[in-house]
>>> print(open('start.cif').read())   # mmCIF, C-alpha atoms
data_model
loop_
_atom_site.label_atom_id
_atom_site.label_comp_id
_atom_site.auth_asym_id
_atom_site.auth_seq_id
_atom_site.Cartn_x
_atom_site.Cartn_y
_atom_site.Cartn_z
CA MET A 162 -10.69 -123.73 -44.35
CA GLY A 163 -8.65 -121.66 -41.92
CA ARG A 164 -7.26 -119.45 -44.66
CA GLU A 165 -10.75 -118.70 -46.03
CA LEU A 166 -11.92 -117.66 -42.56
CA GLN A 167 -8.95 -115.34 -42.13
CA LYS A 168 -9.64 -113.76 -45.54
CA ARG A 169 -13.27 -113.22 -44.60
CA LYS A 170 -12.20 -111.51 -41.36
CA ARG A 171 -9.91 -109.15 -43.22
CA ARG A 172 -12.65 -108.23 -45.67
CA SER A 173 -15.16 -107.59 -42.86
CA SER A 174 -16.03 -103.99 -42.02
CA ARG A 175 -16.32 -104.81 -38.33
CA ALA A 176 -13.61 -103.09 -36.31
CA LYS A 177 -11.20 -105.24 -34.39
CA THR A 178 -11.81 -105.15 -30.64
CA THR A 179 -8.67 -104.25 -28.74
CA MET A 180 -8.02 -103.35 -25.13
CA PRO A 181 -7.24 -99.67 -24.60
CA VAL A 182 -3.71 -98.85 -23.57
CA ARG A 183 -3.90 -97.25 -20.15
CA ARG A 184 -1.01 -95.05 -19.22
CA LYS A 185 0.18 -95.36 -15.67
CA LYS A 186 -0.09 -92.02 -13.92
CA ALA A 187 2.07 -91.16 -10.95
CA LEU A 188 0.14 -90.92 -7.71
CA ASN A 189 -0.10 -87.31 -6.59
CA PRO A 190 -2.01 -86.96 -3.31
CA LEU A 191 -3.60 -83.56 -2.88
CA GLY A 192 -5.65 -84.21 0.26
CA ASN A 193 -3.07 -82.95 2.74
CA GLY A 194 -0.65 -80.12 2.05
CA ILE A 195 2.16 -81.54 4.21
CA ILE A 196 2.06 -84.93 2.50
CA ALA A 197 1.73 -83.37 -0.97
CA LYS A 198 4.76 -81.13 -0.33
CA ASN A 199 6.98 -84.04 0.78
CA TRP A 200 5.67 -86.61 -1.70
CA ASN A 201 8.19 -88.28 -4.01
CA LYS A 202 6.55 -89.31 -7.28
CA LYS A 203 9.35 -91.76 -8.06
CA GLU A 204 8.49 -93.85 -4.98
CA THR A 205 5.48 -96.05 -4.35
CA LEU A 206 2.78 -95.31 -1.81
CA SER A 207 4.26 -97.74 0.72
CA GLN A 208 7.74 -96.28 0.29
CA ASN A 209 6.48 -92.72 0.80
CA TYR A 210 4.46 -93.69 3.87
CA THR A 211 7.41 -95.55 5.36
CA ARG A 212 9.58 -92.49 4.87
CA PHE A 213 6.91 -90.33 6.55
CA GLY A 214 6.67 -92.70 9.53
CA ILE A 215 3.03 -93.68 8.94
CA VAL A 216 1.52 -96.98 7.85
CA ALA A 217 -0.05 -97.56 4.45
CA LYS A 218 -2.05 -100.62 5.51
CA LEU A 219 -3.80 -101.55 8.72
CA GLY A 220 -2.35 -105.05 8.65
CA LYS A 221 -5.69 -106.76 8.21
CA GLN A 222 -8.73 -106.75 5.96
CA THR A 223 -11.15 -103.93 6.73
CA GLY A 224 -14.06 -104.85 4.48
CA GLY A 225 -15.13 -105.15 0.89
CA THR A 226 -15.65 -108.90 0.83
CA ALA A 227 -18.71 -111.04 1.43
CA PRO A 228 -18.65 -113.29 4.51
CA ASN A 229 -17.99 -116.96 4.02
CA ASN A 230 -21.04 -119.19 4.20
CA LYS A 231 -19.36 -121.55 6.61
CA SER A 232 -18.37 -118.76 8.95
CA THR A 233 -21.89 -117.33 8.78
CA LEU A 234 -23.78 -120.55 9.38
CA SER A 235 -21.46 -122.29 11.80
CA THR A 236 -21.97 -121.63 15.49
CA SER A 237 -19.37 -122.15 18.13
CA SER A 238 -20.14 -125.04 20.44
CA HIS A 239 -18.04 -123.59 23.24
CA ASP A 240 -18.67 -120.16 24.69
CA SER A 241 -16.12 -119.00 27.24
CA LEU A 242 -18.60 -116.52 28.77
CA ALA A 243 -21.54 -118.91 28.97
CA VAL A 244 -22.64 -120.03 32.42
CA GLN A 245 -21.95 -123.75 32.63
CA SER A 246 -24.30 -125.80 34.68
CA ALA A 247 -22.71 -128.04 37.24
CA ASN A 248 -25.42 -130.66 36.86
CA GLN A 249 -25.13 -132.58 33.59
CA GLY A 250 -27.95 -135.02 34.35
CA LEU A 251 -25.90 -137.11 36.77
CA LEU A 252 -25.56 -136.91 40.52
CA GLN A 253 -22.23 -135.31 41.35
CA VAL A 254 -20.62 -135.55 44.74
CA ARG A 255 -18.82 -132.46 45.93
CA GLU A 256 -16.80 -131.49 48.92
CA VAL A 257 -17.73 -128.39 50.89
CA LYS A 258 -16.10 -126.61 53.78
CA VAL A 259 -18.03 -126.53 57.02
CA GLU A 260 -17.58 -125.17 60.52
CA ARG A 261 -18.17 -127.41 63.52
CA ASP A 262 -18.64 -126.66 67.19
CA ALA A 263 -16.79 -128.28 70.06
CA GLU A 264 -19.09 -131.31 69.96
CA GLY A 265 -18.50 -131.88 66.24
CA ARG A 266 -21.89 -130.68 65.00
CA ILE A 267 -22.02 -128.62 61.81
CA THR A 268 -22.82 -125.01 62.58
CA ARG A 269 -22.22 -123.32 59.23
CA VAL A 270 -21.55 -124.32 55.64
CA LEU A 271 -18.91 -122.24 53.88
CA ARG A 272 -20.56 -121.85 50.52
CA ASP A 273 -18.68 -121.34 47.29
CA THR A 274 -18.63 -117.72 46.10
CA ASN A 275 -19.04 -118.90 42.49
CA PRO A 276 -21.36 -121.95 42.49
CA LEU A 277 -22.36 -121.51 38.83
CA GLU A 278 -18.72 -121.23 37.70
CA ASP A 279 -19.39 -117.87 36.12
CA PRO A 280 -16.14 -116.60 34.48
CA LEU A 281 -17.28 -112.98 34.98
CA ASN A 282 -17.52 -113.42 38.75
CA GLU A 283 -13.82 -112.73 39.17
CA LEU A 284 -14.21 -109.36 37.45
CA ASP A 285 -16.74 -108.10 40.01
CA SER A 286 -14.23 -107.76 42.84
CA ASP A 287 -10.73 -106.51 42.12
CA SER A 288 -7.75 -107.52 44.15
CA GLU A 289 -5.51 -105.01 45.89
CA GLU A 290 -2.95 -105.33 43.11
CA GLN A 291 -5.55 -104.58 40.42
CA GLN A 292 -6.82 -101.58 42.37
CA GLN A 293 -3.27 -100.25 42.66
CA LYS A 294 -2.74 -100.69 38.91
CA ARG A 295 -5.96 -98.79 38.22
CA ARG A 296 -4.88 -95.95 40.50
CA ASP A 297 -1.47 -95.78 38.80
CA LEU A 298 -3.16 -95.69 35.38
CA GLU A 299 -5.49 -92.87 36.42
CA LYS A 300 -2.52 -90.93 37.81
CA TYR A 301 -0.61 -91.43 34.56
CA GLN A 302 -3.60 -90.27 32.50
CA ASP A 303 -3.92 -87.13 34.63
CA GLU A 304 -0.23 -86.31 34.19
CA TRP A 305 -0.11 -87.13 30.45
CA SER A 306 0.19 -83.95 28.38
CA GLY A 307 0.09 -85.34 24.84
CA ILE A 308 2.62 -86.79 22.45
CA ARG A 309 6.15 -85.62 23.09
CA ASP A 310 7.91 -83.99 20.16
CA ASP A 311 10.67 -86.56 19.74
CA PRO A 312 13.32 -85.22 17.31
CA SER A 313 14.28 -88.77 16.30
CA ARG A 314 10.94 -89.30 14.55
CA PRO A 315 10.37 -88.20 10.92
CA GLU A 316 9.70 -84.49 10.47
CA VAL A 317 6.61 -85.16 8.33
CA LEU A 318 5.03 -87.20 11.12
CA ARG A 319 5.75 -84.47 13.66
CA GLU A 320 4.21 -81.82 11.37
CA LEU A 321 1.08 -83.96 10.92
CA GLU A 322 0.75 -84.37 14.71
CA ARG A 323 1.15 -80.63 15.26
CA GLN A 324 -1.47 -79.97 12.59
CA ALA A 325 -3.89 -82.43 14.21
CA SER A 326 -3.37 -80.94 17.69
CA ARG A 327 -4.32 -77.42 16.62
CA PRO A 328 -7.87 -76.42 17.61
CA VAL A 329 -10.40 -76.13 14.82
CA GLU A 330 -11.48 -72.55 14.27
CA LYS A 331 -15.20 -72.14 13.83
CA THR A 332 -16.13 -70.32 10.64
CA VAL A 333 -18.48 -67.46 11.41
CA ARG A 334 -21.17 -67.02 8.79
CA HIS A 335 -21.98 -63.42 7.97
CA GLN A 336 -25.29 -62.40 6.44
CA SER A 337 -25.10 -60.76 3.07
CA GLY A 338 -26.63 -57.43 2.15
CA ARG A 339 -29.28 -59.10 -0.02
CA GLU A 340 -30.34 -61.30 2.89
CA MET A 341 -30.57 -58.31 5.24
CA GLU A 342 -32.72 -56.47 2.67
CA TRP A 343 -34.98 -59.52 2.31
CA LEU A 344 -35.41 -59.82 6.09
CA GLU A 345 -36.19 -56.12 6.43
CA ARG A 346 -38.92 -56.42 3.78
CA LEU A 347 -40.43 -59.38 5.67
CA VAL A 348 -40.40 -57.47 8.96
CA GLY A 349 -41.83 -54.37 7.31
CA LYS A 350 -44.78 -56.35 5.98
CA HIS A 351 -45.49 -58.93 8.71
CA GLY A 352 -43.82 -57.55 11.82
CA ASP A 353 -42.92 -60.38 14.22
CA ASP A 354 -45.28 -62.97 12.68
CA THR A 355 -42.81 -65.54 11.33
CA ALA A 356 -45.64 -67.92 10.42
CA ALA A 357 -47.10 -65.31 8.05
CA MET A 358 -43.62 -64.72 6.60
CA ALA A 359 -43.29 -68.44 5.83
CA ARG A 360 -46.70 -68.44 4.06
CA ASP A 361 -45.90 -65.37 1.97
CA ALA A 362 -45.26 -66.88 -1.47
CA LYS A 363 -44.20 -63.56 -2.99
CA LEU A 364 -41.56 -62.49 -0.45
CA ASN A 365 -40.62 -66.06 0.45
CA PRO A 366 -40.35 -67.86 -2.91
CA MET A 367 -37.78 -70.37 -1.60
CA GLN A 368 -40.33 -71.53 1.05
CA GLN A 369 -38.12 -70.99 4.07
CA THR A 370 -39.74 -72.34 7.23
CA ALA A 371 -40.89 -70.17 10.11
CA GLY A 372 -38.14 -71.51 12.34
CA ASP A 373 -35.44 -70.76 9.77
CA ILE A 374 -36.75 -67.21 9.23
CA LYS A 375 -36.89 -66.67 13.00
CA ARG A 376 -33.26 -67.82 13.38
CA ARG A 377 -32.15 -65.47 10.60
CA LEU A 378 -34.03 -62.54 12.13
CA LYS A 379 -32.44 -63.14 15.56
CA LYS A 380 -29.00 -63.30 14.00
CA ALA A 381 -29.63 -60.04 12.13
CA GLY A 382 -30.92 -58.35 15.29
CA LEU A 383 -34.35 -57.69 13.77
CA LEU A 384 -36.18 -59.90 16.27
CA ALA A 385 -35.94 -59.89 20.04
CA ALA A 386 -34.50 -63.11 21.50
#
>>> encode(input="start.cif", output="structure tokens")
Amino acid sequence: MGRELQKRKRRSSRAKTTMPVRRKKALNPLGNGIIAKNWNKKETLSQNYTRFGIVAKLGKQTGGTAPNNKSTLSTSSHDSLAVQSANQGLLQVREVKVERDAEGRITRVLRDTNPLEDPLNELDSDSEEQQQKRRDLEKYQDEWSGIRDDPSRPEVLRELERQASRPVEKTVRHQSGREMEWLERLVGKHGDDTAAMARDAKLNPMQQTAGDIKRRLKKAGLLAA
């Protein structure tokens, strides 16, 4: 029976389904000129990044997976920031500090500064040590002048930092001669009425808005600011 089935398959005109052979192409990053210039195609991505002094992975998952049902539906029974009530339905006896006069009578009760046991209450008032640390940090931030160019670090990493520290130059857009001619025709026909220019279907076939035409006219110097 098996031989007959094999013969029938060989006589069939149906083409055999095979997986395409995919050739492995070497990774050639072209996004950054510094990385592309120093890239070694014989090394893997992790090996190149390690040689550059940068990381290839963040060390943890950054997305792309659906959350687990258990983690979505389960709620934590203990919240460290939740205000816990001191009264759990039972009468609790507490000790408090009081001040007494010479005859032994209570004159003042020294109340607790955190009766609700709020964990955020300690963050409201900083100690002297915390205030000194904050002042030292602010002083360090004022004196910090950027990343030092340490010669012991990889040269590629230093070049990338210098490239990132350079200010971005704003590209100035210049109006073309055709645009200037189009604006002059609009001004010659409608004057300063930008609303009429926007409604003109013949001179304004691209349906530019009145605000856009006004901005172009101010940039060209054909309309007073």
>>> atom_distance(input="start.cif", atom1="atom CA of Thr370 of chain A", atom2="atom CA of Ala356 of chain A")
8.0 Å
>>> residues_around(input="start.cif", residues="segment 200-215 of chain A", least_positions_apart="2", cutoff="10 Å", atoms="only C-alpha atoms", output="PyMOL selection string")
chain A and resi 186-191+194-198+217-218+314-319+321
>>> atom_distance(input="start.cif", atom1="atom CA of Ile374 of chain A", atom2="atom CA of Trp343 of chain A")
10.5 Å
>>> resolve_selection(input="start.cif", expression="the PyMOL selection byres ((chain A and resi 357-363) around 12)", output="mmCIF file with C-alpha atoms, keeping the file's coordinate frame")
data_model
loop_
_atom_site.group_PDB
_atom_site.id
_atom_site.type_symbol
_atom_site.label_atom_id
_atom_site.label_comp_id
_atom_site.auth_asym_id
_atom_site.auth_seq_id
_atom_site.Cartn_x
_atom_site.Cartn_y
_atom_site.Cartn_z
ATOM 1 C CA TRP A 343 -34.980 -59.520 2.310
ATOM 2 C CA LEU A 344 -35.410 -59.820 6.090
ATOM 3 C CA GLU A 345 -36.190 -56.120 6.430
ATOM 4 C CA ARG A 346 -38.920 -56.420 3.780
ATOM 5 C CA LEU A 347 -40.430 -59.380 5.670
ATOM 6 C CA VAL A 348 -40.400 -57.470 8.960
ATOM 7 C CA GLY A 349 -41.830 -54.370 7.310
ATOM 8 C CA LYS A 350 -44.780 -56.350 5.980
ATOM 9 C CA HIS A 351 -45.490 -58.930 8.710
ATOM 10 C CA GLY A 352 -43.820 -57.550 11.820
ATOM 11 C CA ASP A 353 -42.920 -60.380 14.220
ATOM 12 C CA ASP A 354 -45.280 -62.970 12.680
ATOM 13 C CA THR A 355 -42.810 -65.540 11.330
ATOM 14 C CA ALA A 356 -45.640 -67.920 10.420
ATOM 15 C CA LEU A 364 -41.560 -62.490 -0.450
ATOM 16 C CA ASN A 365 -40.620 -66.060 0.450
ATOM 17 C CA PRO A 366 -40.350 -67.860 -2.910
ATOM 18 C CA MET A 367 -37.780 -70.370 -1.600
ATOM 19 C CA GLN A 368 -40.330 -71.530 1.050
ATOM 20 C CA GLN A 369 -38.120 -70.990 4.070
ATOM 21 C CA THR A 370 -39.740 -72.340 7.230
ATOM 22 C CA ALA A 371 -40.890 -70.170 10.110
ATOM 23 C CA GLY A 372 -38.140 -71.510 12.340
ATOM 24 C CA ASP A 373 -35.440 -70.760 9.770
ATOM 25 C CA ILE A 374 -36.750 -67.210 9.230
ATOM 26 C CA LYS A 375 -36.890 -66.670 13.000
ATOM 27 C CA LEU A 378 -34.030 -62.540 12.130
#
>>> residues_around(input="start.cif", residues="Lys380 of chain A", least_positions_apart="4", cutoff="12 Å", atoms="all atoms listed in the file", output="list in words")
Val333, Arg334, His335, Gln336, Ser337, Glu340, Met341, Leu344, Asp373, Ile374, Lys375, Arg376, Leu384, Ala385 and Ala386 of chain A
>>> atom_distance(input="start.cif", atom1="atom CA of Gln291 of chain A", atom2="atom CA of Lys258 of chain A")
27.8 Å
